[in-house]
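The structure appears below as structure tokens.
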Amino acid sequence: MALFIAGLFVASCFVTGTPITRALIAFVPLVALMCGVEFMADARNNLRSRERWRIRRATKFAVPLLDGVLNIFLHAMLASIALLILLHPQSSDYFLRESLRLGAGATLLYASAAMIATTVTLLFLAAGYSLPVVHRHPVAARSVEEFWARRWNITVSAWLHAFVFLPLARRRRVALGIMLAFLVSGAMHGWLVLSALGPWAAFTATLFFVIQGVVVLVENRLRIQTWPVPLARAWTVIIILGTSPLFIDPGLRLFGL
């Protein structure tokens with residue numbers, strides 16, 4: 001299996017086409033890698049964590065249809081406004097234009113992720129299956145650690161927690177586990193960007209996640225969980241948005257924006 005996955009990575013390096021096509025092809029070996037690691041892992045030690053992303057038979061329609069449709073509609077409106085700003089820049093001032101571009105890019109990413117996750121969840125529920133929660137109100141996060149570990153892309157967070165963080169945490173290397181989890185996440189995202197846009201864009205995308213890991217370690221020192229809620233949320237928004245150009249800019253270039 002390891003040779004097969006390695007072969008997929010090598011083969012994806014020779015794909016030609018548009019940046020988005022190359023990125024999509026590069027996504028295939030990443031999925032194979034994640035599934036392969038889970039398949040070969042010790043089931044007894046990782047079963048509880050795996051339960052967090054397992055597809056199950058739905059016992060009831062867990063997400064009310066009206067709420068789901070409203071959620072999709074609101075995020076589709078946000079994504080449309082952001083896309084209009086990106087397609088029709090109004091300012092001749094470079095700094096203002098870039099600020100609007102990056103702000104609209106962050107909004108487009110957030111809204112599109114929420115819209116797609118809700119749509120897929122409703123489709124699975126309609127077919128009688130339930131999916132694990134992908135996003136859990138990310139804007140309500142009170143720390144950068146909470147944002148990444150319990151609110152944003154929980155499926156990938158669970159995988160990183162089970163197969164990257166826990167093996168080191170069990171050896172009392174918690175800080176190393178945190179940094180390695182963010183580095184692995186950064187490398188995965190960087191791989192997609194590398195295939196499509198080249199090494200510099202891949203470096204900035206990876207750096208974004210490395211910075212998040214450093215901030216999480218700093219938060220543990222600052223005891224952010226004891227801060228007033230408005231201050232903790234403001235801190236989280238400032239850190240995430242302040243560092244987001246490192247990731248948002250390559251993402252926008254990927255789609256020619």
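We name chains A, B, ... following the order of the structure tokens; residues begin at 1 in each chain, and ligands are numbered from 1 as shown.
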Practice prompt. DSSP on the backbone, then: every residue of segment 24-250 of chain A marked alpha helix (DSSP H), written as a PyMOL selection string.
Written response: chain A and resi 24-40+43-50+65-87+94-126+144-146+154-160+166-169+174-197+199-222+229-243+245-250
Practice prompt. Just the residues within 12 Å of Ala32 of chain A, please, counting only C-alpha atoms, with nothing from its chain fewer than 3 positions along; format it as a PyMOL selection string.
Written response: chain A and resi 1-9+25-29+35-40
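One finds atom CA of Ile72 of chain A at 28.3 Å from atom CA of Gly186 of chain A.
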Worksheet item: With only C-alpha atoms as the basis for distance, which of A:Leu231, A:Ile154, A:Leu180, A:Leu257 is at the shortest distance from Arg101 of chain A?
Response: A:Leu257
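The residue set within 12 Å of Ala232 of chain A, counting only C-alpha atoms and dropping same-chain residues fewer than 2 places from it, reads Val139, Ala140, Ala141, Arg142, Ser143, Val144, Glu145, Glu146, Phe147, Glu219, Leu222, Arg223, Ile224, Gln225, Thr226, Trp227, Pro228, Val229, Pro230, Ala234, Trp235, Thr236, Val237, Ile238 and Ile239 of chain A.
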Fill in: Using only C-alpha atoms: which of A:Gly256, A:Gly68, A:Pro89, A:Gly177 has the shortest distance to Ala117 of chain A
A:Gly68
Worksheet entry | Which residue of A:Val31, A:Leu246, A:Leu166, A:Leu100 approaches Trp200 of chain A most closely, using only C-alpha atoms | A:Leu246
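Using only C-alpha atoms, the smallest distance between any of A:Ile20, A:Leu197, A:Phe209, A:Val69 and Leu123 of chain A comes from A:Val69.
Using only C-alpha atoms, the contacts of Leu74 of chain A at a cut-off of 12 Å, with sequence neighbours closer than 5 positions omitted, comprise A:Asp67, A:Gly68, A:Val69, A:Ala79, A:Ser80, A:Ile81, A:Tyr110, A:Ala111, A:Ser112, A:Ala114, A:Met115, A:Thr118.
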Can those selected residues be exported to a file as a compact mmCIF listing (two decimals), in the first residue's frame so that it contains N, CA and C atoms?
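Heads up, here's the output in again_4.txt:
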# COMPACT_ATOMS: atom_id res chain seq x y z
N ASP A 67 -33.75 24.65 8.48
CA ASP A 67 -32.53 25.27 8.99
C ASP A 67 -31.37 25.06 8.02
N GLY A 68 -31.28 23.86 7.47
CA GLY A 68 -30.20 23.56 6.53
C GLY A 68 -30.30 24.39 5.27
N VAL A 69 -31.50 24.50 4.72
CA VAL A 69 -31.70 25.29 3.50
C VAL A 69 -31.41 26.77 3.77
N ALA A 79 -21.10 34.27 -0.14
CA ALA A 79 -20.14 33.87 -1.15
C ALA A 79 -20.32 34.67 -2.43
N SER A 80 -21.56 34.96 -2.81
CA SER A 80 -21.84 35.73 -4.03
C SER A 80 -21.32 37.15 -3.91
N ILE A 81 -21.54 37.78 -2.76
CA ILE A 81 -21.05 39.15 -2.55
C ILE A 81 -19.53 39.17 -2.61
N TYR A 110 -14.78 30.84 3.80
CA TYR A 110 -15.61 30.48 4.95
C TYR A 110 -17.03 30.13 4.51
N ALA A 111 -17.62 30.99 3.67
CA ALA A 111 -19.00 30.78 3.24
C ALA A 111 -19.13 29.54 2.36
N SER A 112 -18.18 29.35 1.46
CA SER A 112 -18.24 28.19 0.55
C SER A 112 -18.09 26.89 1.33
N ALA A 114 -18.85 26.32 4.50
CA ALA A 114 -20.07 26.07 5.26
C ALA A 114 -21.21 25.62 4.34
N MET A 115 -21.32 26.25 3.18
CA MET A 115 -22.38 25.92 2.23
C MET A 115 -22.23 24.50 1.70
N THR A 118 -22.89 21.83 4.52
CA THR A 118 -24.32 21.70 4.83
C THR A 118 -25.06 20.97 3.71
Worksheet item: Which of these residues is nearest to Gln212 of chain A, using only C-alpha atoms: A:Val156, A:Leu70, A:Met179, A:Ala11?
Response: A:Met179
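Here the question is which of A:Arg233, A:Leu86, A:Val184, A:Thr155 gets nearest to Gly103 of chain A using only C-alpha atoms, and that residue is A:Leu86.
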Practice prompt. Within 10 Å of Ala202 of chain A, counting only C-alpha atoms, which residues show up once you throw out same-chain ones fewer than 3 positions away? Write them as number ranges by chain, please.
Written response: A: 186-199, 205-207, 246-247, 250
As a short mmCIF file (atom, residue, chain, number, x, y, z; two decimals) with N, CA and C atoms, in the first residue's frame, which residues of segment 4-253 of chain A does DSSP assign to strand (DSSP E or B)?
data_model
loop_
_atom_site.label_atom_id
_atom_site.label_comp_id
_atom_site.auth_asym_id
_atom_site.auth_seq_id
_atom_site.Cartn_x
_atom_site.Cartn_y
_atom_site.Cartn_z
N ARG A 56 -22.49 6.88 9.12
CA ARG A 56 -23.37 5.94 9.80
C ARG A 56 -24.76 5.98 9.17
N ARG A 57 -25.54 4.99 9.52
CA ARG A 57 -26.96 5.03 9.20
C ARG A 57 -27.64 6.08 10.07
N TYR A 129 -28.30 8.46 5.66
CA TYR A 129 -27.02 8.36 6.34
C TYR A 129 -26.69 9.67 7.05
N SER A 130 -25.90 9.59 8.10
CA SER A 130 -25.46 10.80 8.81
C SER A 130 -23.96 10.93 8.68
#
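The interatomic distance for the pair atom CA of Trp159 of chain A and atom CA of Leu131 of chain A works out to 15.1 Å.
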Item to complete: Might you pull out every residue within 6 Å of Val210 of chain A, with only C-alpha atoms counted and same-chain residues fewer than 3 positions away left off, and present them as a list in words?
Response: Phe182, Leu183, Leu207 and Gly213 of chain A
